[in-house]
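Colleague: Here you go, this is data-v3.txt (compact mmCIF, C-alpha atoms).
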```txt
# COMPACT_ATOMS: atom_id res chain seq x y z
CA MET H 84 -1.45 1.22 13.24
CA LEU H 85 -5.11 0.22 12.83
CA GLU H 86 -7.87 -0.57 15.31
CA LEU H 87 -11.29 -1.85 14.23
CA ALA H 88 -14.17 -2.52 16.60
CA ASN H 89 -17.24 -4.09 14.94
CA VAL H 90 -16.65 -2.07 11.75
CA SER H 91 -18.73 -2.50 8.61
CA ALA H 92 -18.09 -1.10 5.13
CA VAL H 93 -21.23 0.11 3.37
CA ARG H 94 -21.65 1.73 -0.06
CA GLY H 95 -25.17 2.98 -0.71
CA ASP H 96 -27.49 0.21 0.42
CA ARG H 97 -24.87 -2.52 -0.06
CA THR H 98 -22.81 -3.94 2.81
CA ILE H 99 -19.36 -4.82 1.44
CA TRP H 100 -18.12 -6.46 4.66
CA GLU H 101 -18.98 -6.31 8.35
CA GLU H 102 -18.00 -7.33 11.89
CA GLY H 103 -14.39 -6.22 11.53
CA THR H 104 -12.72 -6.38 14.96
CA PHE H 105 -8.93 -6.55 15.16
CA HIS H 106 -5.84 -4.39 15.54
CA VAL H 107 -2.70 -4.18 13.43
CA PRO H 108 0.57 -3.47 15.31
CA SER H 109 2.48 -0.28 14.59
CA GLY H 110 5.42 -0.54 12.22
CA SER H 111 4.18 -3.72 10.52
CA ILE H 112 4.31 -4.64 6.85
CA VAL H 113 0.85 -6.05 6.13
CA ALA H 114 -0.86 -7.36 3.02
CA VAL H 115 -4.56 -6.88 2.34
CA ILE H 116 -5.83 -9.93 0.46
CA GLY H 117 -9.09 -11.39 -0.75
CA PRO H 118 -10.94 -12.26 -3.95
CA ASN H 119 -11.98 -9.58 -6.42
CA GLY H 120 -14.86 -7.49 -5.10
CA SER H 121 -14.31 -8.45 -1.46
CA GLY H 122 -13.61 -4.86 -0.38
CA LYS H 123 -9.82 -4.51 -0.25
CA THR H 124 -9.70 -1.07 -1.85
CA THR H 125 -12.77 -0.09 0.17
CA LEU H 126 -10.72 -0.63 3.33
CA LEU H 127 -8.03 1.75 2.04
CA THR H 128 -10.73 4.29 1.20
CA MET H 129 -11.96 4.14 4.79
CA ILE H 130 -8.45 4.47 6.22
CA LEU H 131 -7.98 7.58 4.07
CA GLY H 132 -11.17 9.10 5.49
CA LEU H 133 -12.96 9.05 2.13
CA LEU H 134 -15.67 6.65 3.30
CA LYS H 135 -17.07 6.50 6.82
CA PRO H 136 -17.69 3.14 8.48
CA GLY H 137 -21.28 1.99 8.21
CA SER H 138 -21.04 0.97 11.85
CA GLY H 139 -18.44 0.50 14.55
CA THR H 140 -15.23 2.38 15.32
CA LEU H 141 -12.15 2.67 13.11
CA ARG H 142 -8.99 4.33 14.40
CA VAL H 143 -5.94 5.01 12.25
CA LEU H 144 -2.69 5.83 14.04
CA GLY H 145 -4.79 6.38 17.17
CA GLU H 146 -7.17 8.86 15.51
CA GLU H 147 -10.44 8.87 13.60
CA PRO H 148 -9.78 8.74 9.85
CA ARG H 149 -9.80 12.09 8.09
CA ARG H 150 -9.31 13.34 4.54
CA GLY H 151 -5.91 14.73 3.67
CA ASN H 152 -4.16 13.19 6.66
CA SER H 153 -0.46 14.01 6.18
CA ARG H 154 0.43 11.13 8.50
CA ILE H 155 -0.56 8.75 5.68
CA GLY H 156 1.18 8.37 2.32
CA TYR H 157 -0.88 6.76 -0.46
CA VAL H 158 0.06 5.10 -3.76
CA PRO H 159 -3.08 4.43 -5.85
CA GLN H 160 -3.58 1.81 -8.51
CA ASN H 161 -2.52 2.77 -12.04
CA TYR H 162 -0.37 5.60 -10.70
CA ALA H 163 1.34 6.24 -14.05
CA ALA H 164 -1.97 6.74 -15.86
CA ILE H 165 -3.09 9.21 -13.19
CA ALA H 166 0.22 11.06 -13.33
CA GLY H 167 0.17 11.84 -17.05
CA ASP H 168 3.03 11.62 -19.52
CA SER H 169 4.58 15.05 -19.74
CA ILE H 170 5.35 15.87 -16.09
CA ARG H 171 8.86 15.20 -14.75
CA ALA H 172 9.47 12.70 -11.99
CA CYS H 173 10.79 15.36 -9.59
CA ASP H 174 7.70 17.50 -10.17
CA MET H 175 5.43 14.54 -9.40
CA VAL H 176 7.20 14.10 -6.07
CA LEU H 177 6.92 17.83 -5.34
CA LEU H 178 3.14 17.55 -5.74
CA GLY H 179 3.18 15.38 -2.62
CA LEU H 180 4.00 18.58 -0.74
CA THR H 181 2.25 21.26 -2.78
CA GLY H 182 -0.64 19.47 -4.46
CA THR H 183 -3.25 20.83 -2.06
CA ARG H 184 -2.27 24.49 -2.51
CA TYR H 185 -4.50 26.99 -4.26
CA GLY H 186 -2.99 29.50 -6.63
CA LEU H 187 0.64 30.04 -7.58
CA LYS H 188 3.18 30.01 -4.78
CA ARG H 189 6.94 29.81 -4.92
CA THR H 190 8.40 26.49 -3.87
CA THR H 191 10.75 26.85 -0.92
CA ALA H 192 14.33 25.61 -0.67
CA SER H 193 13.31 23.26 2.13
CA GLU H 194 10.60 21.73 -0.09
CA HIS H 195 13.10 21.17 -2.90
CA ALA H 196 15.50 19.59 -0.40
CA ARG H 197 12.77 17.26 0.86
CA VAL H 198 11.97 16.20 -2.73
CA GLN H 199 15.62 15.34 -3.33
CA GLU H 200 15.69 13.40 -0.08
CA ALA H 201 12.61 11.39 -1.04
CA LEU H 202 14.01 10.64 -4.50
CA ALA H 203 17.27 9.44 -2.96
CA GLU H 204 15.33 7.34 -0.45
CA VAL H 205 13.79 5.29 -3.27
CA GLY H 206 16.83 5.26 -5.57
CA ALA H 207 15.30 7.62 -8.15
CA THR H 208 17.78 10.51 -8.17
CA HIS H 209 19.37 9.59 -11.51
CA PHE H 210 16.08 9.84 -13.42
CA ALA H 211 14.49 12.69 -11.44
CA ASP H 212 14.50 15.10 -14.42
CA ARG H 213 13.04 12.63 -16.91
CA ARG H 214 9.37 12.72 -17.92
CA MET H 215 7.09 10.03 -16.55
CA SER H 216 6.44 8.71 -20.08
CA GLN H 217 10.17 7.95 -20.41
CA LEU H 218 10.33 5.78 -17.29
CA SER H 219 9.91 2.03 -16.95
CA GLY H 220 7.13 0.58 -14.81
CA GLY H 221 9.53 -0.06 -11.93
CA GLN H 222 10.90 3.49 -12.12
CA GLN H 223 7.39 4.95 -12.16
CA GLN H 224 6.54 2.94 -9.05
CA ARG H 225 9.61 4.33 -7.28
CA VAL H 226 8.44 7.86 -8.12
CA ALA H 227 4.99 7.01 -6.75
CA ILE H 228 6.50 5.79 -3.48
CA ALA H 229 8.73 8.90 -3.27
CA GLN H 230 5.67 11.13 -3.68
CA ALA H 231 3.91 9.23 -0.89
CA LEU H 232 6.97 9.51 1.37
CA VAL H 233 7.86 13.15 0.74
CA SER H 234 5.66 14.46 3.57
CA LYS H 235 7.30 12.03 6.03
CA PRO H 236 4.18 9.98 6.84
CA GLU H 237 3.86 7.37 9.58
CA MET H 238 1.89 4.94 7.41
CA LEU H 239 2.20 4.00 3.75
CA LEU H 240 -0.76 2.57 1.80
CA LEU H 241 -0.16 0.94 -1.59
CA ASP H 242 -2.95 -0.38 -3.81
CA GLU H 243 -1.62 -3.21 -6.04
CA PRO H 244 1.89 -1.71 -6.39
CA LEU H 245 3.30 -4.86 -8.04
CA ALA H 246 0.66 -5.17 -10.75
CA ASN H 247 2.08 -5.03 -14.31
CA LEU H 248 5.69 -5.30 -13.08
CA ASP H 249 8.01 -8.11 -14.15
CA VAL H 250 9.52 -10.43 -11.56
CA ARG H 251 12.76 -8.46 -11.19
CA ASN H 252 10.94 -5.16 -10.62
CA GLN H 253 8.55 -6.81 -8.18
CA GLN H 254 11.51 -8.05 -6.16
CA ASP H 255 13.16 -4.62 -6.30
CA ILE H 256 10.02 -2.84 -5.03
CA VAL H 257 9.51 -5.36 -2.21
CA SER H 258 13.16 -4.94 -1.18
CA LEU H 259 12.67 -1.18 -1.22
CA LEU H 260 9.60 -1.42 1.03
CA LYS H 261 11.49 -3.69 3.46
CA ARG H 262 14.35 -1.19 3.64
CA ILE H 263 12.04 1.81 4.16
CA ASN H 264 10.26 -0.06 6.94
CA ALA H 265 13.51 -1.14 8.60
CA GLU H 266 15.10 2.32 8.44
CA SER H 267 12.10 4.48 9.38
CA GLY H 268 9.73 2.16 11.21
CA ILE H 269 6.89 3.31 8.96
CA GLY H 270 3.89 0.97 8.84
CA ILE H 271 3.09 -0.36 5.37
CA LEU H 272 -0.23 -1.71 4.10
CA VAL H 273 -0.18 -3.35 0.64
CA VAL H 274 -3.25 -4.48 -1.28
CA ALA H 275 -2.05 -7.51 -3.20
CA HIS H 276 -3.49 -10.02 -5.64
CA ASP H 277 -0.49 -12.36 -5.34
CA LEU H 278 1.13 -12.98 -1.95
CA ASN H 279 4.27 -14.67 -3.29
CA PRO H 280 6.39 -11.59 -4.08
CA LEU H 281 5.61 -10.13 -0.64
CA LEU H 282 6.05 -13.16 1.60
CA SER H 283 9.66 -12.38 2.55
CA ALA H 284 8.60 -8.94 3.82
CA LEU H 285 5.27 -9.53 5.55
CA ASP H 286 4.54 -9.50 9.26
CA GLY H 287 0.86 -10.29 8.77
CA ALA H 288 -2.18 -9.92 6.55
CA ILE H 289 -5.70 -8.58 6.63
CA TYR H 290 -7.85 -11.08 4.77
CA LEU H 291 -11.45 -10.59 3.68
CA LEU H 292 -13.23 -13.89 4.09
CA ASP H 293 -16.97 -14.58 3.72
CA GLY H 294 -17.86 -10.91 4.11
CA HIS H 295 -15.73 -10.34 7.22
CA PRO H 296 -12.23 -8.86 7.61
CA HIS H 297 -9.67 -10.57 9.82
CA TYR H 298 -6.03 -10.00 10.76
CA ALA H 299 -3.40 -12.65 11.55
CA GLY H 300 0.35 -13.12 11.50
CA VAL H 301 1.82 -14.25 8.21
CA ASP H 302 2.50 -17.82 9.39
CA ASP H 303 -1.19 -18.26 10.21
CA VAL H 304 -2.36 -16.73 6.94
CA VAL H 305 -0.10 -18.82 4.70
CA SER H 306 -2.26 -21.88 5.24
CA GLU H 307 -3.56 -24.19 2.53
CA GLU H 308 -6.96 -24.46 4.23
CA LEU H 309 -7.38 -20.70 4.71
CA LEU H 310 -6.15 -19.66 1.26
CA THR H 311 -8.20 -22.35 -0.48
CA HIS H 312 -11.31 -21.10 1.35
CA LEU H 313 -10.39 -17.46 0.67
CA TYR H 314 -9.94 -17.79 -3.09
CA GLY H 315 -12.39 -20.63 -3.76
CA THR H 316 -9.79 -22.78 -5.49
CA ALA H 317 -7.25 -25.31 -4.26
CA ILE H 318 -4.05 -23.57 -3.07
CA LYS H 319 -0.91 -25.45 -2.05
CA VAL H 320 1.73 -23.97 0.28
CA VAL H 321 5.29 -25.07 -0.53
CA ARG H 322 8.37 -24.63 1.64
CA THR H 323 11.73 -24.85 -0.12
CA ALA H 324 14.84 -26.54 1.28
CA GLN H 325 16.08 -23.04 2.19
CA GLY H 326 12.95 -22.44 4.27
CA ASP H 327 11.26 -20.03 1.86
CA LEU H 328 7.50 -20.20 1.39
CA PHE H 329 5.44 -19.78 -1.73
CA THR H 330 1.91 -20.60 -2.80
CA ARG H 331 0.58 -22.12 -6.01
CA SER H 332 -2.60 -23.60 -7.41
CA ALA H 333 -2.91 -27.23 -6.44
```
Here is a file; write its structure as structure tokens.
Modeller:
Amino acid sequence: MLELANVSAVRGDRTIWEEGTFHVPSGSIVAVIGPNGSGKTTLLTMILGLLKPGSGTLRVLGEEPRRGNSRIGYVPQNYAAIAGDSIRACDMVLLGLTGTRYGLKRTTASEHARVQEALAEVGATHFADRRMSQLSGGQQQRVAIAQALVSKPEMLLLDEPLANLDVRNQQDIVSLLKRINAESGIGILVVAHDLNPLLSALDGAIYLLDGHPHYAGVDDVVSEELLTHLYGTAIKVVRTAQGDLFTRSA
């Protein structure tokens, strides 16, 4: 899914992180974690081809990153604010297919069919004709994921998709991502502030530590020593009697 060889992320004259060398297996569900300002969203920007590596080689799905890559679906932060209030959910999803067109062109029957398929895929068919302003946060996030999926990408990038959602909606969105991954094999990269809601779904994590990005399997990342170092505060890892993991401040 991703290959980095001595990659650095540079904005202007500032190096955000450097010496990134790792690969992420295809079809994985992976979190991107690190303290604020460590360069998590910068990594997504580079994957999307919007920022070139300062050094090294980055390959995405076996290719150099490029703008407008239809093989990648993207859900930005604050999707609802970007979307606006008056547009219908189904029209937002349609923009995932037609948003790069210039001028007025008739939407085809196959495009409408693909929109309906994407809405069904995320469980949003019953509110497809409602305006975005009428939807709950969880419903808006489902529309955002449908828009990212409508072009049938091979990788899905989500920037803080669980922010501002209550616990139930967080669980619903994580379950949805697990199902999409299991049914389609699509690779999923999730920038996350809190690992706990995602732990049941993750295969691994990219973590930005001391100015360097690393990748490891989830069992190696969910470590008290690593997470305490990563966030600069004591983190305790707890395993329940049922075998579930979660983290908390010590």
Colleague: In terms of the shortest atom-to-atom distance over only C-alpha atoms, which of H:Leu178, H:Leu133, H:Val233, H:Ala201 is closest to Arg154 in chain H?
Modeller: H:Val233
Colleague: Using only C-alpha atoms, determine which residues lie at most 9 Å from Leu313 in chain H, disregarding the query and same-chain residues fewer than 3 positions distant; provide the list as a PyMOL selection string.
Modeller: chain H and resi 116-118+290-293+308-310+316
Colleague: CA of Ile228 in chain H to CA of Val273 in chain H: how many Å, to one decimal?
Modeller: 12.0 Å
Colleague: For each of H:Arg142, H:Arg251, H:Lys135, H:His195, take the minimum atom-to-atom distance to Gly220 in chain H, counting all atoms listed in the file, then give the residue where this is smallest.
Modeller: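 Of the candidates, the smallest distance to Gly220 in chain H is held by H:Arg251.
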Colleague: List the neighbours of Gly145 in chain H out to 9 Å using only C-alpha atoms; skip same-chain residues closer than 6 positions along the sequence, and give me the result as a PyMOL selection string.
Modeller: chain H and resi 84-86
Colleague: Choose the residue, out of H:Ala114, H:Met215, H:Leu141, H:Met238, that has the smallest atom-to-atom separation from Ala88 in chain H; count only C-alpha atoms.
Modeller: H:Leu141
Colleague: Of the residues H:Glu194, H:Glu146, H:Asp303, H:Asp277, which is the one nearest to Thr330 in chain H, using only C-alpha atoms?
Modeller: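 Nearest to Thr330 in chain H: H:Asp277.
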Colleague: Quick one: distance from CA of Tyr157 in chain H to CA of Tyr314 in chain H in Å, one decimal?
Modeller: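 Taking CA of Tyr157 in chain H as the start and CA of Tyr314 in chain H as the end point, the length is 26.3 Å.
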Colleague: Rebuild all heavy atoms on range 278-289 of chain H, as an mmCIF file, in the frame of the given file?
Modeller:
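Heads up, here's the output in selection-v7.cif:
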```
data_model
loop_
_atom_site.group_PDB
_atom_site.id
_atom_site.type_symbol
_atom_site.label_atom_id
_atom_site.label_comp_id
_atom_site.auth_asym_id
_atom_site.auth_seq_id
_atom_site.Cartn_x
_atom_site.Cartn_y
_atom_site.Cartn_z
ATOM 1 N N LEU H 278 0.329 -13.083 -3.169
ATOM 2 C CA LEU H 278 1.130 -12.980 -1.950
ATOM 3 C C LEU H 278 2.607 -13.303 -2.183
ATOM 4 O O LEU H 278 3.471 -12.810 -1.460
ATOM 5 C CB LEU H 278 0.596 -13.954 -0.891
ATOM 6 C CG LEU H 278 -0.433 -13.459 0.101
ATOM 7 C CD1 LEU H 278 -0.816 -14.597 1.042
ATOM 8 C CD2 LEU H 278 0.083 -12.274 0.896
ATOM 9 N N ASN H 279 2.920 -14.131 -3.166
ATOM 10 C CA ASN H 279 4.270 -14.670 -3.290
ATOM 11 C C ASN H 279 5.381 -13.632 -3.291
ATOM 12 O O ASN H 279 6.359 -13.784 -2.565
ATOM 13 C CB ASN H 279 4.374 -15.564 -4.530
ATOM 14 C CG ASN H 279 3.750 -16.930 -4.304
ATOM 15 O OD1 ASN H 279 3.836 -17.484 -3.213
ATOM 16 N ND2 ASN H 279 3.108 -17.457 -5.320
ATOM 17 N N PRO H 280 5.285 -12.547 -4.081
ATOM 18 C CA PRO H 280 6.390 -11.590 -4.080
ATOM 19 C C PRO H 280 6.602 -10.905 -2.732
ATOM 20 O O PRO H 280 7.697 -10.427 -2.449
ATOM 21 C CB PRO H 280 5.972 -10.568 -5.150
ATOM 22 C CG PRO H 280 4.934 -11.238 -5.966
ATOM 23 C CD PRO H 280 4.238 -12.172 -5.045
ATOM 24 N N LEU H 281 5.563 -10.869 -1.898
ATOM 25 C CA LEU H 281 5.610 -10.130 -0.640
ATOM 26 C C LEU H 281 5.976 -10.978 0.570
ATOM 27 O O LEU H 281 6.262 -10.443 1.643
ATOM 28 C CB LEU H 281 4.250 -9.474 -0.373
ATOM 29 C CG LEU H 281 3.857 -8.319 -1.278
ATOM 30 C CD1 LEU H 281 2.350 -8.076 -1.173
ATOM 31 C CD2 LEU H 281 4.616 -7.056 -0.909
ATOM 32 N N LEU H 282 5.970 -12.292 0.433
ATOM 33 C CA LEU H 282 6.050 -13.160 1.600
ATOM 34 C C LEU H 282 7.305 -12.914 2.443
ATOM 35 O O LEU H 282 7.264 -13.010 3.671
ATOM 36 C CB LEU H 282 5.983 -14.630 1.174
ATOM 37 C CG LEU H 282 4.580 -15.151 0.859
ATOM 38 C CD1 LEU H 282 4.631 -16.584 0.351
ATOM 39 C CD2 LEU H 282 3.687 -15.068 2.092
ATOM 40 N N SER H 283 8.415 -12.590 1.802
ATOM 41 C CA SER H 283 9.660 -12.380 2.550
ATOM 42 C C SER H 283 9.612 -11.125 3.413
ATOM 43 O O SER H 283 10.430 -10.962 4.320
ATOM 44 C CB SER H 283 10.849 -12.297 1.599
ATOM 45 O OG SER H 283 10.749 -11.141 0.776
ATOM 46 N N ALA H 284 8.658 -10.226 3.131
ATOM 47 C CA ALA H 284 8.600 -8.940 3.820
ATOM 48 C C ALA H 284 7.500 -8.860 4.860
ATOM 49 O O ALA H 284 7.551 -8.009 5.755
ATOM 50 C CB ALA H 284 8.405 -7.813 2.805
ATOM 51 N N LEU H 285 6.500 -9.722 4.778
ATOM 52 C CA LEU H 285 5.270 -9.530 5.550
ATOM 53 C C LEU H 285 5.403 -9.940 7.012
ATOM 54 O O LEU H 285 6.026 -10.945 7.357
ATOM 55 C CB LEU H 285 4.129 -10.336 4.928
ATOM 56 C CG LEU H 285 3.633 -9.892 3.563
ATOM 57 C CD1 LEU H 285 2.531 -10.834 3.085
ATOM 58 C CD2 LEU H 285 3.129 -8.455 3.601
ATOM 59 N N ASP H 286 4.756 -9.135 7.863
ATOM 60 C CA ASP H 286 4.540 -9.500 9.260
ATOM 61 C C ASP H 286 3.175 -10.152 9.441
ATOM 62 O O ASP H 286 2.989 -10.980 10.344
ATOM 63 C CB ASP H 286 4.630 -8.266 10.159
ATOM 64 C CG ASP H 286 6.002 -7.624 10.118
ATOM 65 O OD1 ASP H 286 6.981 -8.304 10.450
ATOM 66 O OD2 ASP H 286 6.089 -6.433 9.738
ATOM 67 N N GLY H 287 2.208 -9.763 8.634
ATOM 68 C CA GLY H 287 0.860 -10.290 8.770
ATOM 69 C C GLY H 287 0.025 -9.918 7.570
ATOM 70 O O GLY H 287 0.513 -9.342 6.592
ATOM 71 N N ALA H 288 -1.266 -10.234 7.647
ATOM 72 C CA ALA H 288 -2.180 -9.920 6.550
ATOM 73 C C ALA H 288 -3.585 -9.683 7.084
ATOM 74 O O ALA H 288 -4.018 -10.336 8.045
ATOM 75 C CB ALA H 288 -2.203 -11.041 5.513
ATOM 76 N N ILE H 289 -4.262 -8.744 6.463
ATOM 77 C CA ILE H 289 -5.700 -8.580 6.630
ATOM 78 C C ILE H 289 -6.344 -9.355 5.493
ATOM 79 O O ILE H 289 -6.028 -9.115 4.325
ATOM 80 C CB ILE H 289 -6.103 -7.095 6.561
ATOM 81 C CG1 ILE H 289 -5.463 -6.305 7.716
ATOM 82 C CG2 ILE H 289 -7.624 -6.942 6.600
ATOM 83 C CD1 ILE H 289 -5.592 -4.803 7.565
#
```
